[in-house]
Amino acid sequence: MAEVALRPVEESDFNALFEQMRDPESLRMAAFVAEDPDDRAAFEAHLTRNLASPGVFHRAVTLDGRLVGTVAAFVVDGDTEVTYWIDRPFWGRGIASRALALLLEAVPARPLFARAASDNARSIAVLRRAGFEIIGTDVGFANGRRAEIEETILRTPA
């Protein structure tokens, strides 16, 4: 069975992550993404800032040692939120679920929050399997769709 693991993000990961996060279908599904996914300087500045921030737990997701995405926890307005990104060729293999489980083991803060485009049923299912419960919805502008869309807000039990 393939091994999913987390490790620190390294500068040598930047090229692969930049390419993963430019995939049009991935951008559409994630919806709430960078304004310009082709802006390499903005991508590197954002990632470098996150990696240097003590309030951000950001890890590379690997499958048998191969970089296949990222997972992170970060604080927004006093709440700790989680996010993940799995390269599209690896969707549907349980990698996001395993990476999220590993993140939940590593981050002691509770409750944790997450957001997903309301029509992204697969991502919502990953979060629900991890113990997140739907607590509401919001509407916001999604750069990945160039439109306002509904997002589902989820939370782990305290």
# chains A, B, ... in the order shown; residues from 1 in each chain; ligands from 1

call {"tool": "closest_atom_pairs", "arguments": {"of": "range 60-138 of chain A", "to": "range 50-56 of chain A", "cutoff": "9 Å", "atoms": "only C-alpha atoms", "output": "tab-separated table"}}
result
residue	atom	partner	partner_atom	distance
A:Ala72	CA	A:Val56	CA	7.0
A:Ala73	CA	A:Val56	CA	5.8
A:Phe74	CA	A:Val56	CA	4.6
A:Val75	CA	A:Gly55	CA	6.5

call {"tool": "residues_around", "arguments": {"residues": "Val33 in chain A", "least_positions_apart": "5", "cutoff": "12 Å", "atoms": "only C-alpha atoms", "output": "mmCIF file with C-alpha atoms, in the first residue's frame"}}
result
data_model
loop_
_atom_site.group_PDB
_atom_site.id
_atom_site.type_symbol
_atom_site.label_atom_id
_atom_site.label_comp_id
_atom_site.auth_asym_id
_atom_site.auth_seq_id
_atom_site.Cartn_x
_atom_site.Cartn_y
_atom_site.Cartn_z
ATOM 1 C CA MET A 21 -1.547 25.167 -8.286
ATOM 2 C CA ARG A 22 -1.991 26.402 -11.858
ATOM 3 C CA ASP A 23 -4.038 23.443 -13.098
ATOM 4 C CA PRO A 24 -7.323 24.907 -14.439
ATOM 5 C CA SER A 26 -7.935 22.240 -9.705
ATOM 6 C CA LEU A 27 -8.343 26.015 -9.594
ATOM 7 C CA ARG A 28 -12.024 25.715 -10.479
ATOM 8 C CA ASP A 38 0.372 32.555 -13.088
ATOM 9 C CA PHE A 43 3.189 32.687 -5.294
ATOM 10 C CA HIS A 46 3.029 34.061 -0.232
ATOM 11 C CA THR A 83 -6.545 23.685 3.867
ATOM 12 C CA TYR A 84 -5.111 21.130 1.504
ATOM 13 C CA TRP A 85 -4.168 20.840 -2.146
ATOM 14 C CA ALA A 116 -14.915 24.492 0.612
ATOM 15 C CA ALA A 117 -16.893 25.535 -2.413
ATOM 16 C CA GLY A 140 -17.693 35.203 -1.510
ATOM 17 C CA PHE A 141 -15.810 36.035 -4.666
ATOM 18 C CA ALA A 142 -13.914 32.985 -5.920
ATOM 19 C CA ASN A 143 -10.921 33.860 -8.084
ATOM 20 C CA GLY A 144 -10.898 30.321 -9.478
ATOM 21 C CA ARG A 145 -14.329 30.903 -10.978
ATOM 22 C CA ARG A 146 -14.299 34.668 -11.420
#

call {"tool": "residues_around", "arguments": {"residues": "Phe90 in chain A", "least_positions_apart": "4", "cutoff": "8 Å", "atoms": "only C-alpha atoms", "output": "PyMOL selection string"}}
result
chain A and resi 68+86+95

call {"tool": "select_by_dssp", "arguments": {"residues": "chain A", "states": "strand (DSSP E)", "output": "PDB file with C-alpha atoms, in the first residue's frame"}}
result
ATOM      1  CA  VAL A   4       1.169   9.136   2.495  1.00  0.00           C
ATOM      2  CA  ALA A   5       3.411  11.286   4.679  1.00  0.00           C
ATOM      3  CA  LEU A   6       3.937  14.917   5.636  1.00  0.00           C
ATOM      4  CA  ARG A   7       7.257  16.727   5.668  1.00  0.00           C
ATOM      5  CA  PRO A   8       8.354  20.355   5.804  1.00  0.00           C
ATOM      6  CA  PHE A  57       1.748  24.742  10.047  1.00  0.00           C
ATOM      7  CA  HIS A  58       2.436  24.071   6.358  1.00  0.00           C
ATOM      8  CA  ARG A  59       3.574  20.658   5.144  1.00  0.00           C
ATOM      9  CA  ALA A  60       4.313  18.939   1.864  1.00  0.00           C
ATOM     10  CA  VAL A  61       2.196  15.859   1.206  1.00  0.00           C
ATOM     11  CA  THR A  62       4.147  12.959  -0.249  1.00  0.00           C
ATOM     12  CA  LEU A  63       3.089   9.623  -1.696  1.00  0.00           C
ATOM     13  CA  ARG A  66       6.887  11.877  -4.241  1.00  0.00           C
ATOM     14  CA  LEU A  67       5.527  15.391  -3.709  1.00  0.00           C
ATOM     15  CA  VAL A  68       1.783  15.344  -4.474  1.00  0.00           C
ATOM     16  CA  GLY A  69       0.458  18.408  -2.641  1.00  0.00           C
ATOM     17  CA  THR A  70       0.345  20.418   0.545  1.00  0.00           C
ATOM     18  CA  VAL A  71      -1.683  20.650   3.720  1.00  0.00           C
ATOM     19  CA  ALA A  72      -1.738  23.526   6.196  1.00  0.00           C
ATOM     20  CA  ALA A  73      -3.290  24.988   9.317  1.00  0.00           C
ATOM     21  CA  PHE A  74      -3.298  28.745   9.905  1.00  0.00           C
ATOM     22  CA  VAL A  75      -5.025  31.280  12.132  1.00  0.00           C
ATOM     23  CA  VAL A  76      -7.605  33.706  10.732  1.00  0.00           C
ATOM     24  CA  ASP A  79      -9.761  30.637  14.474  1.00  0.00           C
ATOM     25  CA  THR A  80      -7.459  27.905  13.187  1.00  0.00           C
ATOM     26  CA  GLU A  81      -8.401  26.855   9.657  1.00  0.00           C
ATOM     27  CA  VAL A  82      -7.108  23.969   7.583  1.00  0.00           C
ATOM     28  CA  THR A  83      -6.545  23.685   3.867  1.00  0.00           C
ATOM     29  CA  TYR A  84      -5.111  21.130   1.504  1.00  0.00           C
ATOM     30  CA  TRP A  85      -4.168  20.840  -2.146  1.00  0.00           C
ATOM     31  CA  ILE A  86      -3.595  17.535  -3.909  1.00  0.00           C
ATOM     32  CA  LEU A 112     -10.506  23.623  13.625  1.00  0.00           C
ATOM     33  CA  PHE A 113     -12.373  25.216  10.754  1.00  0.00           C
ATOM     34  CA  ALA A 114     -12.424  24.585   7.015  1.00  0.00           C
ATOM     35  CA  ARG A 115     -14.131  26.036   3.982  1.00  0.00           C
ATOM     36  CA  ALA A 116     -14.915  24.492   0.612  1.00  0.00           C
ATOM     37  CA  ALA A 117     -16.893  25.535  -2.413  1.00  0.00           C
ATOM     38  CA  GLU A 133     -19.341  19.172  10.746  1.00  0.00           C
ATOM     39  CA  ILE A 134     -21.112  21.656   8.496  1.00  0.00           C
ATOM     40  CA  ILE A 135     -21.956  24.785  10.478  1.00  0.00           C
ATOM     41  CA  GLY A 136     -23.057  27.152   7.743  1.00  0.00           C
ATOM     42  CA  THR A 137     -22.450  28.773   4.404  1.00  0.00           C
ATOM     43  CA  ASP A 138     -21.146  32.063   3.132  1.00  0.00           C
ATOM     44  CA  VAL A 139     -20.931  33.746  -0.247  1.00  0.00           C
ATOM     45  CA  GLY A 140     -17.693  35.203  -1.510  1.00  0.00           C
ATOM     46  CA  PHE A 141     -15.810  36.035  -4.666  1.00  0.00           C
ATOM     47  CA  ALA A 142     -13.914  32.985  -5.920  1.00  0.00           C
ATOM     48  CA  ALA A 147     -17.688  34.823  -9.711  1.00  0.00           C
ATOM     49  CA  GLU A 148     -19.339  34.956  -6.323  1.00  0.00           C
ATOM     50  CA  ILE A 149     -20.146  31.456  -5.132  1.00  0.00           C
ATOM     51  CA  GLU A 150     -21.376  29.744  -2.016  1.00  0.00           C
ATOM     52  CA  GLU A 151     -18.857  28.102   0.270  1.00  0.00           C
ATOM     53  CA  THR A 152     -19.581  25.629   3.031  1.00  0.00           C
ATOM     54  CA  ILE A 153     -18.069  26.298   6.453  1.00  0.00           C
ATOM     55  CA  LEU A 154     -17.129  23.312   8.604  1.00  0.00           C
ATOM     56  CA  ARG A 155     -15.787  22.867  12.129  1.00  0.00           C
TER      57      ARG A 155
END

call {"tool": "residues_around", "arguments": {"residues": "Arg40 in chain A", "least_positions_apart": "5", "cutoff": "12 Å", "atoms": "only C-alpha atoms", "output": "PyMOL selection string"}}
result
chain A and resi 14-19+21-22+34-35+45-48

call {"tool": "write_last_selection", "arguments": {"atoms": "all heavy atoms", "output": "short mmCIF file (atom, residue, chain, number, x, y, z; two decimals), in the first residue's frame"}}
result
data_model
loop_
_atom_site.label_atom_id
_atom_site.label_comp_id
_atom_site.auth_asym_id
_atom_site.auth_seq_id
_atom_site.Cartn_x
_atom_site.Cartn_y
_atom_site.Cartn_z
N PHE A 14 9.12 24.40 -4.63
CA PHE A 14 8.38 25.53 -5.17
C PHE A 14 7.95 25.32 -6.62
O PHE A 14 6.82 25.63 -6.99
CB PHE A 14 9.17 26.83 -5.02
CG PHE A 14 9.20 27.40 -3.63
CD1 PHE A 14 8.94 26.62 -2.51
CD2 PHE A 14 9.53 28.72 -3.43
CE1 PHE A 14 8.99 27.15 -1.23
CE2 PHE A 14 9.57 29.27 -2.16
CZ PHE A 14 9.30 28.49 -1.06
N ASN A 15 8.85 24.85 -7.48
CA ASN A 15 8.50 24.68 -8.90
C ASN A 15 7.32 23.73 -9.07
O ASN A 15 6.36 24.04 -9.78
CB ASN A 15 9.70 24.17 -9.71
CG ASN A 15 10.73 25.24 -9.96
OD1 ASN A 15 10.43 26.43 -9.95
ND2 ASN A 15 11.96 24.82 -10.18
N ALA A 16 7.40 22.58 -8.43
CA ALA A 16 6.32 21.59 -8.57
C ALA A 16 5.02 22.12 -7.99
O ALA A 16 3.95 21.94 -8.60
CB ALA A 16 6.72 20.28 -7.90
N LEU A 17 5.07 22.76 -6.84
CA LEU A 17 3.84 23.30 -6.23
C LEU A 17 3.23 24.40 -7.09
O LEU A 17 2.01 24.46 -7.26
CB LEU A 17 4.13 23.80 -4.82
CG LEU A 17 4.51 22.73 -3.81
CD1 LEU A 17 4.89 23.36 -2.47
CD2 LEU A 17 3.39 21.71 -3.63
N PHE A 18 4.08 25.25 -7.65
CA PHE A 18 3.58 26.31 -8.52
C PHE A 18 2.82 25.70 -9.71
O PHE A 18 1.72 26.15 -10.04
CB PHE A 18 4.74 27.18 -9.00
CG PHE A 18 4.31 28.31 -9.90
CD1 PHE A 18 3.56 29.37 -9.40
CD2 PHE A 18 4.67 28.33 -11.24
CE1 PHE A 18 3.17 30.43 -10.23
CE2 PHE A 18 4.29 29.37 -12.07
CZ PHE A 18 3.53 30.42 -11.57
N GLU A 19 3.39 24.67 -10.31
CA GLU A 19 2.72 24.03 -11.44
C GLU A 19 1.42 23.35 -11.02
O GLU A 19 0.41 23.44 -11.71
CB GLU A 19 3.66 23.04 -12.14
CG GLU A 19 4.80 23.71 -12.88
CD GLU A 19 4.34 24.76 -13.89
OE1 GLU A 19 3.36 24.51 -14.63
OE2 GLU A 19 4.97 25.83 -13.96
N MET A 21 -0.55 24.17 -8.66
CA MET A 21 -1.55 25.17 -8.29
C MET A 21 -1.95 26.07 -9.44
O MET A 21 -2.63 27.07 -9.24
CB MET A 21 -1.05 25.97 -7.09
CG MET A 21 -0.92 25.10 -5.87
SD MET A 21 -0.37 26.02 -4.44
CE MET A 21 -0.38 24.72 -3.20
N ARG A 22 -1.58 25.68 -10.65
CA ARG A 22 -1.99 26.40 -11.86
C ARG A 22 -2.93 25.56 -12.72
O ARG A 22 -3.42 26.03 -13.74
CB ARG A 22 -0.77 26.81 -12.67
CG ARG A 22 0.09 27.84 -11.96
CD ARG A 22 1.38 28.14 -12.70
NE ARG A 22 1.08 28.69 -14.02
CZ ARG A 22 1.76 28.36 -15.12
NH1 ARG A 22 2.74 27.49 -15.07
NH2 ARG A 22 1.44 28.90 -16.27
N ALA A 34 -5.49 32.13 -5.44
CA ALA A 34 -4.81 33.40 -5.74
C ALA A 34 -5.49 34.12 -6.90
O ALA A 34 -6.03 33.48 -7.82
CB ALA A 34 -3.35 33.12 -6.07
N GLU A 35 -5.42 35.43 -6.86
CA GLU A 35 -6.04 36.23 -7.92
C GLU A 35 -5.46 35.89 -9.28
O GLU A 35 -6.18 35.77 -10.26
CB GLU A 35 -5.86 37.72 -7.62
CG GLU A 35 -6.56 38.61 -8.60
CD GLU A 35 -6.49 40.07 -8.23
OE1 GLU A 35 -6.11 40.40 -7.10
OE2 GLU A 35 -6.82 40.90 -9.10
N ALA A 45 6.28 34.70 -2.84
CA ALA A 45 6.20 35.60 -1.69
C ALA A 45 5.21 35.07 -0.66
O ALA A 45 5.49 35.06 0.55
CB ALA A 45 5.81 37.01 -2.14
N HIS A 46 4.06 34.61 -1.13
CA HIS A 46 3.03 34.06 -0.23
C HIS A 46 3.54 32.81 0.48
O HIS A 46 3.41 32.68 1.70
CB HIS A 46 1.76 33.75 -1.03
CG HIS A 46 0.68 33.11 -0.25
ND1 HIS A 46 -0.13 33.81 0.63
CD2 HIS A 46 0.27 31.82 -0.17
CE1 HIS A 46 -0.98 32.98 1.19
NE2 HIS A 46 -0.75 31.77 0.72
N LEU A 47 4.12 31.89 -0.27
CA LEU A 47 4.61 30.65 0.31
C LEU A 47 5.76 30.91 1.28
O LEU A 47 5.79 30.35 2.38
CB LEU A 47 5.03 29.69 -0.80
CG LEU A 47 5.35 28.26 -0.39
CD1 LEU A 47 4.21 27.62 0.40
CD2 LEU A 47 5.66 27.43 -1.62
N THR A 48 6.67 31.79 0.92
CA THR A 48 7.80 32.12 1.79
C THR A 48 7.30 32.74 3.10
O THR A 48 7.78 32.41 4.18
CB THR A 48 8.77 33.07 1.06
OG1 THR A 48 9.25 32.40 -0.11
CG2 THR A 48 9.94 33.45 1.95
#

call {"tool": "closest_residue", "arguments": {"among": "A:Asp77, A:Gly92, A:Pro111, A:Glu11", "to": "Ser123 in chain A", "atoms": "only C-alpha atoms"}}
result
A:Gly92

call {"tool": "closest_residue", "arguments": {"among": "A:Glu3, A:Asp36, A:Gly78, A:Pro157", "to": "Gly131 in chain A", "atoms": "only C-alpha atoms"}}
result
A:Pro157

call {"tool": "select_by_dssp", "arguments": {"residues": "chain A", "states": "alpha helix (DSSP H)", "output": "JSON, numbers by chain"}}
result
{"A": [14, 15, 16, 17, 18, 19, 20, 24, 25, 26, 27, 28, 29, 30, 40, 41, 42, 43, 44, 45, 46, 47, 48, 49, 50, 51, 52, 95, 96, 97, 98, 99, 100, 101, 102, 103, 104, 105, 106, 121, 122, 123, 124, 125, 126, 127, 128, 129]}

call {"tool": "residues_around", "arguments": {"residues": "Ala101 in chain A", "least_positions_apart": "4", "cutoff": "8 Å", "atoms": "only C-alpha atoms", "output": "PDB file with N, CA and C atoms, in the first residue's frame"}}
result
ATOM      1  N   SER A  97      -7.553  12.591   2.369  1.00  0.00           N
ATOM      2  CA  SER A  97      -8.062  12.111   3.664  1.00  0.00           C
ATOM      3  C   SER A  97      -6.922  11.742   4.596  1.00  0.00           C
ATOM      4  N   GLU A 105      -3.503  15.101  13.592  1.00  0.00           N
ATOM      5  CA  GLU A 105      -2.660  14.535  14.645  1.00  0.00           C
ATOM      6  C   GLU A 105      -1.578  15.528  15.075  1.00  0.00           C
ATOM      7  N   ALA A 130     -13.194  13.314   8.256  1.00  0.00           N
ATOM      8  CA  ALA A 130     -12.186  13.675   9.251  1.00  0.00           C
ATOM      9  C   ALA A 130     -12.811  14.212  10.538  1.00  0.00           C
TER      10      ALA A 130
END

call {"tool": "atom_distance", "arguments": {"atom1": "CA of Pro37 in chain A", "atom2": "CA of Asp64 in chain A"}}
result
27.5 Å
